[in-house]
Amino acid sequence: MNDARLPEDDGAAFIAAARSNDAAQFALITERYRRELQVHCYRMLANYEDAQDLTQETFLRVWSKRESFKGHATLRTWLYRIATNACLDFLDKRNDRIPVPAELPGAGSEVHYLQPYPDRMLPEDPQESVVARETIELAFVVAVQHLPPRQRAVFVLRDVLGWPAPKVADALELTVASVTSALRRARVTMREQLPGRRLDWRSPATHELSDDERGVVKSYMDAHERNDLDGLMALLRDDLRFAMLPDPGTLVVTAKDAVDGWVSGGLFQRGYDDWRCVPTTVNLMPAAVLYRRTPDDPEYRLFTMAVLHIVDGRIAELTGFDVTDKPWLGLPATL
């Protein structure tokens with residue numbers, strides 16, 4: 001994070017607004033940080049609605065603590081400190097915000113509260129977007145959830161945001177030695193959770209989808225609209241990892257098991273055989289939005305979203321989300 005990207009007088013302007021109790025000016029100054037703070041909360045919590053709530057909680061805390069900001073650190077640093085601690089307070093109270101063992105033996109764990117993050121709500125600054133993809137993708141966000149909360153905070157602040165250890169220690173009221181130890185343990189866990197993935201998160205990463213990814217999404221949508229089970233199967237790696245969220249117990253780790261489950265659930269049979277699909281992206285990943293029309297309905301209605309991780313032209317991970325009650329995704333309800 002480069003603090004110089006925003007106006008250098010933000011801190012002074014914030015102090016002036018705080019001293020004069022100028023709520024309008026306060027809102028004007030802090031609002032420009034909303035999107036990046038919300039992404040930060042999402043990385044901590046893996047849930048878009050929680051991230052929205054905690055970002056708002058952050059602004060409430062900022063207003064109540066406004067007179068304590070003296071400008072010794074940048075305003076952005078102070079805001080991130082408050083947001084991080086708001087997330088930690090939330091996690092301390094929510095026992096349901098941890099991964100749970102998968103019902104399938106040997107399949108690891110599931111994060112039932114995981115939600116997709118709409119790309120339209122990501123920070124607009126291109127420098128932020130350059131590093132965002134590999135630290136906003138679903139697998140990364142899920143891996144972070146396997147870290148204990150304070151270890152998670154240390155990892156995000158140090159390895160994602162690039163804060164020096166003393167700065168993290170000050171934000172979390174820890175010693176530098178504690179921060180160093182927590183980071184070392186966090187990196188081990190992240191390597192275990194993301195085997196074979198690129199792990200240098202502070203280096204520039206690809207932002208745009210590749211032609212390969214776009215082609216696979218198109219083929220995936222075409223197969224659905226044609227009710228082509230063989231075509232759909234051909235797009236999947238044998239070791240596909242599939243889950244349908246937020247439903248528990250849906251995780252499978254082979255393409256055959258995934259397809260068998262879809263077929264037994266009625267895929268491409270009456271009532272599930274009239275589809276229209278729309279390409280999109282969430283978490284800077286390729287995705288397809290599926291609309292279904294039943295025999296007694298003249299319209300195609302929003303049904304699910306399939307978020308795809310594509311490796312060498314085939315789908316390695318498919319995470320399905322029920323998106324029927326997610327207006328924040330900005331998807332039309334019908335086609």
# chains A, B, ... in the order shown; residues from 1 in each chain; ligands from 1
>>> closest_atom_pairs(of="range 65-118 of chain A", to="range 48-60 of chain A", cutoff="8 Å", atoms="only C-alpha atoms", output="JSON lines")
{"residue": "A:Leu79", "atom": "CA", "partner": "A:Thr58", "partner_atom": "CA", "distance": 7.6}
{"residue": "A:Ile82", "atom": "CA", "partner": "A:Thr58", "partner_atom": "CA", "distance": 6.1}
{"residue": "A:Ala83", "atom": "CA", "partner": "A:Thr58", "partner_atom": "CA", "distance": 5.2}
{"residue": "A:Ala86", "atom": "CA", "partner": "A:Thr58", "partner_atom": "CA", "distance": 6.4}
{"residue": "A:Cys87", "atom": "CA", "partner": "A:Leu54", "partner_atom": "CA", "distance": 6.5}
{"residue": "A:Gln115", "atom": "CA", "partner": "A:Tyr48", "partner_atom": "CA", "distance": 5.8}
{"residue": "A:Pro116", "atom": "CA", "partner": "A:Tyr48", "partner_atom": "CA", "distance": 6.8}
{"residue": "A:Tyr117", "atom": "CA", "partner": "A:Tyr48", "partner_atom": "CA", "distance": 6.1}
>>> select_by_dssp(residues="range 42-187 of chain A", states="helix (DSSP H, G or I)", output="PyMOL selection string")
chain A and resi 42-45+48-64+66-68+75-93+119-121+126-136+138-144+149-160+165-172+176-187
>>> closest_residue(among="A:Asn227, A:Asn47, A:Asn21, A:Leu147", to="Glu192 in chain A", atoms="only C-alpha atoms")
A:Leu147
>>> closest_residue(among="A:Leu308, A:Val154, A:Leu174, A:Ala46", to="Tyr113 in chain A", atoms="only C-alpha atoms")
A:Ala46
>>> select_by_dssp(residues="range 78-305 of chain A", states="strand (DSSP E)", output="mmCIF file with C-alpha atoms, in the first residue's frame")
data_model
loop_
_atom_site.group_PDB
_atom_site.id
_atom_site.type_symbol
_atom_site.label_atom_id
_atom_site.label_comp_id
_atom_site.auth_asym_id
_atom_site.auth_seq_id
_atom_site.Cartn_x
_atom_site.Cartn_y
_atom_site.Cartn_z
ATOM 1 C CA VAL A 100 -15.557 -26.890 9.529
ATOM 2 C CA PRO A 101 -14.416 -30.422 8.635
ATOM 3 C CA SER A 109 -12.624 -28.424 5.412
ATOM 4 C CA GLU A 110 -15.421 -26.211 4.141
ATOM 5 C CA LEU A 236 -13.712 -30.658 -15.986
ATOM 6 C CA ARG A 237 -10.425 -31.937 -14.648
ATOM 7 C CA ASP A 238 -10.660 -35.421 -13.186
ATOM 8 C CA ASP A 239 -9.626 -34.019 -9.795
ATOM 9 C CA LEU A 240 -12.228 -31.267 -9.847
ATOM 10 C CA ARG A 241 -13.053 -29.723 -6.487
ATOM 11 C CA PHE A 242 -16.723 -28.705 -6.353
ATOM 12 C CA ALA A 243 -18.867 -27.155 -3.639
ATOM 13 C CA MET A 244 -22.282 -25.505 -3.659
ATOM 14 C CA LEU A 245 -22.550 -22.768 -1.048
ATOM 15 C CA TRP A 275 -31.042 -22.417 -19.301
ATOM 16 C CA ARG A 276 -29.658 -19.033 -20.238
ATOM 17 C CA CYS A 277 -26.202 -18.098 -19.034
ATOM 18 C CA VAL A 278 -24.379 -14.796 -18.677
ATOM 19 C CA PRO A 279 -20.602 -14.443 -18.255
ATOM 20 C CA THR A 280 -19.300 -12.293 -15.440
ATOM 21 C CA THR A 281 -16.423 -12.031 -12.995
ATOM 22 C CA VAL A 282 -16.332 -12.032 -9.206
ATOM 23 C CA MET A 285 -12.239 -14.797 -11.419
ATOM 24 C CA PRO A 286 -14.253 -16.040 -14.401
ATOM 25 C CA ALA A 287 -17.839 -16.950 -13.586
ATOM 26 C CA ALA A 288 -21.101 -17.893 -15.261
ATOM 27 C CA VAL A 289 -24.501 -16.790 -13.986
ATOM 28 C CA LEU A 290 -27.181 -19.409 -14.629
ATOM 29 C CA TYR A 291 -30.812 -18.473 -15.249
ATOM 30 C CA ARG A 292 -33.432 -21.230 -15.294
ATOM 31 C CA ARG A 301 -35.034 -16.511 -13.372
ATOM 32 C CA LEU A 302 -31.757 -16.009 -11.546
ATOM 33 C CA PHE A 303 -30.614 -19.334 -10.124
ATOM 34 C CA THR A 304 -26.925 -19.876 -9.375
ATOM 35 C CA MET A 305 -23.456 -18.601 -10.122
#
>>> atom_distance(atom1="CA of Tyr42 in chain A", atom2="CA of Ala12 in chain A")
28.7 Å
